[in-house]
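I have placed the structure first, in the form of structure tokens, so that the comments after it can refer back to it.
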There are 2 protein chains.
Amino acid sequence: MSEKRMVAEKIPGYTYETADAARSPISLKELEELKQSAGFTSEDERYLRAAGEVLASQTKPLIETWRGTIAKLPHLAKHSRDAEGKPIARYSENSGLRFQQWILDTCFRPYDQDWLNYQHEIALRHTAAQKNQTDGVESTPFIPLREVIAFTAVINDTVKPFLANNGHSREDVERMHSAWCKSVALQTALWSLAYACPPFAADRSSKLE
Amino acid sequence: MSEKRMVAEKIPGYTYETADAARSPISLKELEELKQSAGFTSEDERYLRAAGEVLASQTKPLIETWRGTIAKLPHLAKHSRDAEGKPIARYSENSGLRFQQWILDTCFRPYDQDWLNYQHEIALRHTAAQKNQTDGVESTPFIPLREVIAFTAVINDTVKPFLANNGHSREDVERMHSAWCKSVALQTALWSLAYACPPFAADRSSKLE
């Protein structure tokens with residue numbers, strides 16, 4: 001059912017399914033438990049595929065919406081800018097493509113070991129361990145976890161009208177949106193692992209409990 | 001506009017607005033920024049009050065719904081049980097009342113310093129720093145942050161039909177639900193602070209950045 005769909009032929013820094021991606025500190029069994037904790041089911045997987053078909057042609061306006069919000073908030077905007085507050089073109093372009101691709105991966109990829117690993121890679125790139133490194137830029141040293149979690153509310157709220165753009169019934173849009181929100185909660189839960197205390201964060205293969 | 005509404009005259013361990021509650025490590029200015037990050041506005045506050053009027057008579061069935069989900073998942077159920085896996089009556093009763101009260105506080109309380117502080121108190125009670133202490137029980141030492149974050153998806157998904165139980169228009173239910181989800185993201189963001197690395201977590205007044 002799942003497939004690899006790309007927003008561009010080549011995406012700088014996109015290490016999904018490669019040995020360059022981090023290794024998640026949790027197991028597939030723990031991922032299964034986490035899916036249950038979020039109420040994420042095989043029906044949600046189906047509705048996410050449907051959501052992906054709707055969003056695939058809208059990944060660019062979607063991230064423009066999200067970045068529009070970020071640009072208006074100095075405490076968020078600074079995380080993609082340099083010390084003088086100037087935008088960094090390469091950072092913006094590369095991470096923009098990866099942000100678009102994240103939408104497709106959320107909807108189309110199987111939530112397997114590669115997906116789990118790349119979640120951890122995404123997370124590390126927001127922490128002091130790896131921020132700026134992928135694109136070789138100089139910006140803030142990390143994005144506080146609280147800001148990452150809070151911003152998911154904007155992502156979830158604003159994705160909804162985009163889900164309605166292909167003429168699906170209100171009921172189907174609701175179900176696609178519910179599946180999307182569960183997936184984002186699941187992913188945010190996984191991202192929190194990268195913010196855990198050393199030595200856990202440093203040892204990617206260790207357990208956090 | 002905001003008011004103090006209680007699910008019971010006396011709630012054991014409910015230290016809201018008292019000196020016994022923890023002090024949040026972030027400032028009111030940082031809370032304002034976080035509200036912006038979550039897209040939480042004064043309109044959301046109004047819709048949360050409306051949601052509170054709908055949910056006030058349903059706090060018991062709501063937490064029964066959430067606890068029903070938890071009871072079916074051993075990796076979550078264990079956090080309210082003893083080492084032999086047996087339920088702990090006092091823990092269940094006291095935290096159940098506080099869980100019900102959390103619904104009212106989410107909807108009716110002003111998000112001020114007292115609210116901010118009690119968010120941190122709630123969070124600490126899920127961490128190794130304070131779990132079990134409020135009720136003097138012996139259960140698991142802490143609930144992993146990832147499980148807390150993931151479970152908010154269940155809370156958000158299942159609250160929706162309850163919001164529709166007072167005959168509001170579909171549009172109003174949508175707006176109440178959107179406000180609820182933003183508040184839960186905001187609160188989850190605040191809870192993550194208690195899981196931050198020592199020395200930050202130990203020194204409640206310190207900044208995390």
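The way I read the labels, and the way they are meant: chains A, B, ... in the order of the structure tokens, residue 1 as the first residue of every chain, and ligand 1 as the first ligand shown, with later ones counted on from there.
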9 Å contacts from chain A to chain B using only C-alpha atoms, as a ChimeraX atom specification: /A:33-40,69-70,73,75-76,142,144-157,178,181-193,195-198,208-209
Test item: residues at most 9 Å from range 47-59 of chain B, only C-alpha atoms, excluding those fewer than 5 positions along its chain, as number ranges by chain: B: 1-2, 5, 7, 42, 64, 99-101, 103-109, 159, 162-166, 172-173, 175-180, 183
Spatial neighbours of Ser139 in chain A, 9 Å, only C-alpha atoms, chain gap at least 2 places, as an MDAnalysis selection string: chainID A and resid 78:83 85 88 131:132 137 141:142
Atomic separation - CA of Ser24 in chain B relative to CA of Met6 in chain B, Å: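 Going from CA of Met6 in chain B over to CA of Ser24 in chain B covers 22.7 Å.
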Length of the CA of Ile122 in chain B to CA of His120 in chain A vector [Å]: 27.0 Å
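Computed from the coordinates, the CA of Lys4 in chain A to CA of Gly96 in chain A distance equals 18.5 Å.
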DSSP-assigned alpha helix (DSSP H) members of range 84-166 of chain B, reported as a PyMOL selection string: chain B and resi 89-108+113-124+145-163
Writing out the chosen residues with C-alpha atoms as a PDB file, in the first residue's frame:
```pdb
ATOM      1  CA  ALA B  89      -7.861   2.662  44.573  1.00  0.00           C
ATOM      2  CA  ARG B  90      -6.737   5.898  46.242  1.00  0.00           C
ATOM      3  CA  TYR B  91      -4.449   6.823  43.359  1.00  0.00           C
ATOM      4  CA  SER B  92      -7.214   6.190  40.876  1.00  0.00           C
ATOM      5  CA  GLU B  93      -9.825   8.202  42.804  1.00  0.00           C
ATOM      6  CA  ASN B  94      -7.638  11.207  43.570  1.00  0.00           C
ATOM      7  CA  SER B  95      -6.005  11.479  40.165  1.00  0.00           C
ATOM      8  CA  GLY B  96      -9.390  10.866  38.547  1.00  0.00           C
ATOM      9  CA  LEU B  97     -10.827  13.920  40.279  1.00  0.00           C
ATOM     10  CA  ARG B  98      -7.801  15.962  39.283  1.00  0.00           C
ATOM     11  CA  PHE B  99      -8.105  14.702  35.699  1.00  0.00           C
ATOM     12  CA  GLN B 100     -11.746  15.840  35.630  1.00  0.00           C
ATOM     13  CA  GLN B 101     -10.757  19.183  37.089  1.00  0.00           C
ATOM     14  CA  TRP B 102      -8.098  19.534  34.392  1.00  0.00           C
ATOM     15  CA  ILE B 103     -10.880  19.656  31.799  1.00  0.00           C
ATOM     16  CA  LEU B 104     -12.532  22.589  33.590  1.00  0.00           C
ATOM     17  CA  ASP B 105      -9.237  24.376  34.145  1.00  0.00           C
ATOM     18  CA  THR B 106      -8.356  23.986  30.466  1.00  0.00           C
ATOM     19  CA  CYS B 107     -11.600  25.683  29.506  1.00  0.00           C
ATOM     20  CA  PHE B 108     -12.300  28.212  32.253  1.00  0.00           C
ATOM     21  CA  GLN B 113       1.091  32.704  36.389  1.00  0.00           C
ATOM     22  CA  ASP B 114      -0.983  30.352  38.573  1.00  0.00           C
ATOM     23  CA  TRP B 115      -2.048  28.349  35.542  1.00  0.00           C
ATOM     24  CA  LEU B 116       1.525  28.294  34.240  1.00  0.00           C
ATOM     25  CA  ASN B 117       2.798  27.100  37.616  1.00  0.00           C
ATOM     26  CA  TYR B 118       0.193  24.371  37.911  1.00  0.00           C
ATOM     27  CA  GLN B 119       1.075  23.124  34.409  1.00  0.00           C
ATOM     28  CA  HIS B 120       4.578  22.550  35.731  1.00  0.00           C
ATOM     29  CA  GLU B 121       3.197  20.848  38.836  1.00  0.00           C
ATOM     30  CA  ILE B 122       1.109  18.515  36.644  1.00  0.00           C
ATOM     31  CA  ALA B 123       4.164  17.746  34.539  1.00  0.00           C
ATOM     32  CA  LEU B 124       6.461  17.052  37.500  1.00  0.00           C
ATOM     33  CA  LEU B 145       7.273  11.981  27.844  1.00  0.00           C
ATOM     34  CA  ARG B 146       6.715  10.284  24.482  1.00  0.00           C
ATOM     35  CA  GLU B 147       3.705   8.423  25.912  1.00  0.00           C
ATOM     36  CA  VAL B 148       2.255  11.630  27.343  1.00  0.00           C
ATOM     37  CA  ILE B 149       2.586  13.369  23.978  1.00  0.00           C
ATOM     38  CA  ALA B 150       1.174  10.428  21.993  1.00  0.00           C
ATOM     39  CA  PHE B 151      -1.850  10.079  24.265  1.00  0.00           C
ATOM     40  CA  THR B 152      -2.913  13.688  23.642  1.00  0.00           C
ATOM     41  CA  ALA B 153      -4.015  12.435  20.213  1.00  0.00           C
ATOM     42  CA  VAL B 154      -6.549  10.143  21.899  1.00  0.00           C
ATOM     43  CA  ILE B 155      -7.720  12.956  24.184  1.00  0.00           C
ATOM     44  CA  ASN B 156      -8.200  15.317  21.249  1.00  0.00           C
ATOM     45  CA  ASP B 157      -9.876  12.743  19.030  1.00  0.00           C
ATOM     46  CA  THR B 158     -12.340  11.456  21.615  1.00  0.00           C
ATOM     47  CA  VAL B 159     -13.346  14.818  23.068  1.00  0.00           C
ATOM     48  CA  LYS B 160     -14.989  15.844  19.812  1.00  0.00           C
ATOM     49  CA  PRO B 161     -18.276  13.890  20.055  1.00  0.00           C
ATOM     50  CA  PHE B 162     -18.637  15.160  23.630  1.00  0.00           C
ATOM     51  CA  LEU B 163     -18.346  18.732  22.314  1.00  0.00           C
TER      52      LEU B 163
END
```
